[in-house]
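Novice: The structure is given below, and queries will be raised subsequently.
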Amino acid sequence: MPGSNTIDDCGRMQTAPQDITKLIIRVSMKDRAAFDALYRQTSAKLFGVCLRVLSNRPEAEEALQEVYVKIWNKADRFAISDLSPISWLVAVARNHSIDRLRQRRRPTADIDEAVDIADTAPDPESLVVASGEVGQLNNCLQELDDDRAAAVRGAYLAGDSYAELAERHGVPLNTMRTWLRRSLLKLRECLER
Amino acid sequence: MPERGDGDLLAAEYVLGVLDQKEREDTARRLETDPAFARAVDNWEVSLAPLAGAYASIEPPAHVKRAIDARLFSSTAIPTPSTASGGSWWSSLAFWRGLTAATAAALAIAVAVPVLRQPAETTDARYMATLAAEASDVRYAAMYDQHDGKIALAHISGAKAADQDFELWMIEGTNAPVSMGVIPSGEMISIRITPELKAKLAAGAVLAISLEPLGGSPTGQPTGPVVAAGDLKSI
């Protein structure tokens with residue numbers, strides 16, 4: 001498709017969403033060339049997701065392998081989602097990384113690495129969704145108290161459990177649960193306006 | 001409509017990622033068996049997806065891809081797409097059923113893919129349209145193959161009363177709609193195109209489906225509401 005690819009700041013080719021859609025559909029038909037192309041174009045984003053959630057490089061590399069094995073096996077599931085193609089891939093990587101995080105017996109976070117990751121500049125939001133949707137979610141988060149909005153963002157990005165959030169905020173687990181649930185209900189009410 | 005009440009909150013908590021291991025496992029099982037709940041989870045994934053913009057892109061080391069390839073392909077040496085899967089994918093009703101209007105539109109482009117894998121000797125064009133309308137849940141996906149002069153229709157959703165029929169129309173520019181006949185009931189249907197229609201049917205033409213009395217429109221023009229429409233795109 002002419003004109004649909006652009007070069008980003010780092011000189012990488014960026015792919016228009018419909019092209020990633022095509023690649024995912026071809027992967028669902030077990031097209032290995034499409035799988036290679038999909039990996040080239042999306043693995044940096046998904047590795048960023050695994051690394052942020054797991055805060056541990058060897059584990060994030062292992063998780064990324066499992067994520068692409070899942071994508072190969074379950075690409076047909078994309079068709080039943082309303083998500084944009086890159087958001088669907090991010091959801092697969094995020095959910096898998098959070099599952100791995102929960103399976104750990106105790107935290108193995110490498111603090112230095114976690115700081116490095118946090119300092120990396122985020123992608124432009126346009127990579128993930130149309131700017132209108134970004135604006136709407138941001139507006140709705142702004143209607144929450146600052147600490148509640150921060151808890152929602154933090155939980156989403158890092159995959160923190162209720163227990164971890166409760167410890168960090170120094171409140172009982174059930175209080176944390178009530179807090180976040182109220183925030184989610186407010187968020188839903190705002191998003192549906 | 002998305003699920004409401006506890007199920008929707010649980011879906012939000014699952015997507016946010018705050019549940020513990022046991023709760024996540026239970027929720028993942030429910031996802032597989034409860035379509036309404038799965039839809040609620042998907043809605044929350046869509047709502048919260050903008051937050052993922054804050055994830056940085058970090059290039060993984062090259063050995064990761066080699067390890068993936070070893071896990072997936074070590075026993076299958078030749079990396080060719082399977083030839084049987086294109087047809088089964090097209091004819092998989094579950095696949096089409098699962099499509100929402102938004103993804104159906106995106107897929108109109110994606111359906112080009114099987115064509116890319118066709119041998120190049122045929123010069124006849126293929127066209128695709130997704131037929132849908134606001135305020136109607138009737139959806140069909142249509143694929144027109146000029147070579148065999150047939151339109152394949154996949155009935156994705158939407159029902160009609162027993163005393164009604166869906167009728168398919170072609171609208172070319174500002175001309176009056178031309179009937180292509182009553183759509184037989186069924187999930188995957190093929191309609192043969194008359195030679196005069198074949199000459200007119202091309203990219204840009206609109207396919208529309210109207211609700212008509214049993215047996216089709218008595219006037220030769222649509223008499224009932226148009227419940228789905230879409231334009232043919234060359235693929």
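Numbering starts fresh at 1 for the residues of each chain in the structure tokens, the chains themselves are lettered A, B, ... in the order given, and ligands are numbered from 1 as they appear.
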Using DSSP on the backbone, list every residue of stretch 2-106 of chain A that comes out as strand (DSSP E or B), and give them as a list in words.
Specialist: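 The residues of stretch 2-106 of chain A classed as strand (DSSP E or B) are Thr6, Ile7, Met13 and Gln14 of chain A.
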Novice: Need to verify the contact set: A:Asp36, 10 Å, only C-alpha atoms, exclusion of same-chain residues closer than 4 positions in sequence. Can you return it as a list in words?
Specialist: Leu23, Val27, Asp31, Arg32, Arg40 and Gln41 of chain A; Lys65 and Asp69 of chain B
Novice: Could you take the residues named above and write them with all heavy atoms, as a PDB file, in the first residue's frame?
Specialist:
```pdb
ATOM      1  N   LEU A  23      -0.900  -8.389   8.325  1.00  0.00           N
ATOM      2  CA  LEU A  23       0.112  -9.331   8.795  1.00  0.00           C
ATOM      3  C   LEU A  23      -0.482 -10.314   9.802  1.00  0.00           C
ATOM      4  O   LEU A  23      -0.206 -11.508   9.749  1.00  0.00           O
ATOM      5  CB  LEU A  23       1.304  -8.579   9.413  1.00  0.00           C
ATOM      6  CG  LEU A  23       2.184  -7.814   8.420  1.00  0.00           C
ATOM      7  CD1 LEU A  23       3.274  -7.036   9.155  1.00  0.00           C
ATOM      8  CD2 LEU A  23       2.810  -8.758   7.402  1.00  0.00           C
ATOM      9  N   VAL A  27      -0.669 -14.260   9.466  1.00  0.00           N
ATOM     10  CA  VAL A  27      -0.098 -15.145  10.491  1.00  0.00           C
ATOM     11  C   VAL A  27      -1.143 -16.180  10.923  1.00  0.00           C
ATOM     12  O   VAL A  27      -0.808 -17.344  11.138  1.00  0.00           O
ATOM     13  CB  VAL A  27       0.405 -14.319  11.702  1.00  0.00           C
ATOM     14  CG1 VAL A  27       0.705 -15.219  12.898  1.00  0.00           C
ATOM     15  CG2 VAL A  27       1.656 -13.533  11.310  1.00  0.00           C
ATOM     16  N   ASP A  31       1.355 -18.082   7.776  1.00  0.00           N
ATOM     17  CA  ASP A  31       2.289 -17.555   6.787  1.00  0.00           C
ATOM     18  C   ASP A  31       3.535 -17.082   7.540  1.00  0.00           C
ATOM     19  O   ASP A  31       3.511 -16.080   8.253  1.00  0.00           O
ATOM     20  CB  ASP A  31       1.614 -16.399   6.048  1.00  0.00           C
ATOM     21  CG  ASP A  31       2.511 -15.760   4.997  1.00  0.00           C
ATOM     22  OD1 ASP A  31       3.755 -15.857   5.114  1.00  0.00           O
ATOM     23  OD2 ASP A  31       1.962 -15.156   4.065  1.00  0.00           O
ATOM     24  N   ARG A  32       4.622 -17.820   7.366  1.00  0.00           N
ATOM     25  CA  ARG A  32       5.806 -17.550   8.179  1.00  0.00           C
ATOM     26  C   ARG A  32       6.481 -16.236   7.793  1.00  0.00           C
ATOM     27  O   ARG A  32       7.040 -15.537   8.648  1.00  0.00           O
ATOM     28  CB  ARG A  32       6.796 -18.719   8.071  1.00  0.00           C
ATOM     29  CG  ARG A  32       7.892 -18.574   9.073  1.00  0.00           C
ATOM     30  CD  ARG A  32       8.704 -19.835   9.189  1.00  0.00           C
ATOM     31  NE  ARG A  32      10.013 -19.529   9.719  1.00  0.00           N
ATOM     32  CZ  ARG A  32      11.007 -20.384   9.766  1.00  0.00           C
ATOM     33  NH1 ARG A  32      10.832 -21.612   9.288  1.00  0.00           N
ATOM     34  NH2 ARG A  32      12.165 -20.042  10.268  1.00  0.00           N
ATOM     35  N   ARG A  40       9.391  -8.152  13.160  1.00  0.00           N
ATOM     36  CA  ARG A  40      10.273  -7.004  12.919  1.00  0.00           C
ATOM     37  C   ARG A  40       9.588  -5.701  13.313  1.00  0.00           C
ATOM     38  O   ARG A  40      10.203  -4.807  13.878  1.00  0.00           O
ATOM     39  CB  ARG A  40      10.654  -6.929  11.429  1.00  0.00           C
ATOM     40  CG  ARG A  40      11.875  -7.744  11.048  1.00  0.00           C
ATOM     41  CD  ARG A  40      12.448  -7.289   9.692  1.00  0.00           C
ATOM     42  NE  ARG A  40      11.481  -7.314   8.604  1.00  0.00           N
ATOM     43  CZ  ARG A  40      11.131  -8.426   7.955  1.00  0.00           C
ATOM     44  NH1 ARG A  40      11.645  -9.590   8.282  1.00  0.00           N
ATOM     45  NH2 ARG A  40      10.254  -8.373   6.977  1.00  0.00           N
ATOM     46  N   GLN A  41       8.322  -5.596  13.004  1.00  0.00           N
ATOM     47  CA  GLN A  41       7.642  -4.314  13.175  1.00  0.00           C
ATOM     48  C   GLN A  41       7.052  -4.102  14.560  1.00  0.00           C
ATOM     49  O   GLN A  41       6.699  -2.985  14.914  1.00  0.00           O
ATOM     50  CB  GLN A  41       6.544  -4.184  12.107  1.00  0.00           C
ATOM     51  CG  GLN A  41       7.169  -3.935  10.749  1.00  0.00           C
ATOM     52  CD  GLN A  41       6.200  -4.107   9.609  1.00  0.00           C
ATOM     53  OE1 GLN A  41       5.004  -4.167   9.824  1.00  0.00           O
ATOM     54  NE2 GLN A  41       6.721  -4.185   8.403  1.00  0.00           N
TER      55      GLN A  41
ATOM     56  N   LYS B  65      14.508 -13.911  18.696  1.00  0.00           N
ATOM     57  CA  LYS B  65      13.800 -14.368  17.493  1.00  0.00           C
ATOM     58  C   LYS B  65      14.269 -15.761  17.088  1.00  0.00           C
ATOM     59  O   LYS B  65      13.462 -16.604  16.681  1.00  0.00           O
ATOM     60  CB  LYS B  65      14.013 -13.358  16.353  1.00  0.00           C
ATOM     61  CG  LYS B  65      13.312 -13.735  15.037  1.00  0.00           C
ATOM     62  CD  LYS B  65      11.791 -13.819  15.209  1.00  0.00           C
ATOM     63  CE  LYS B  65      11.035 -13.810  13.886  1.00  0.00           C
ATOM     64  NZ  LYS B  65      11.336 -14.921  13.009  1.00  0.00           N
ATOM     65  N   ASP B  69      11.828 -18.995  16.626  1.00  0.00           N
ATOM     66  CA  ASP B  69      11.804 -19.819  15.421  1.00  0.00           C
ATOM     67  C   ASP B  69      12.092 -21.279  15.757  1.00  0.00           C
ATOM     68  O   ASP B  69      11.470 -22.184  15.196  1.00  0.00           O
ATOM     69  CB  ASP B  69      12.822 -19.294  14.396  1.00  0.00           C
ATOM     70  CG  ASP B  69      12.345 -17.990  13.772  1.00  0.00           C
ATOM     71  OD1 ASP B  69      11.153 -17.657  13.935  1.00  0.00           O
ATOM     72  OD2 ASP B  69      13.158 -17.301  13.125  1.00  0.00           O
TER      73      ASP B  69
END
```
Novice: Within 12 Å of A:Asp145, counting only C-alpha atoms, which residues show up once you throw out same-chain ones fewer than 3 positions away? Write them as a PyMOL selection string, please.
Specialist: chain A and resi 140-142+148-152+179-180+182-183+186-187
Novice: Can you pull out the residues contacting B:Ser185? Cut-off 9 Å, using only C-alpha atoms, and skip same-chain residues under 5 positions away; I want them as a VMD selection string.
Specialist: chain B and resid 155 165 to 166
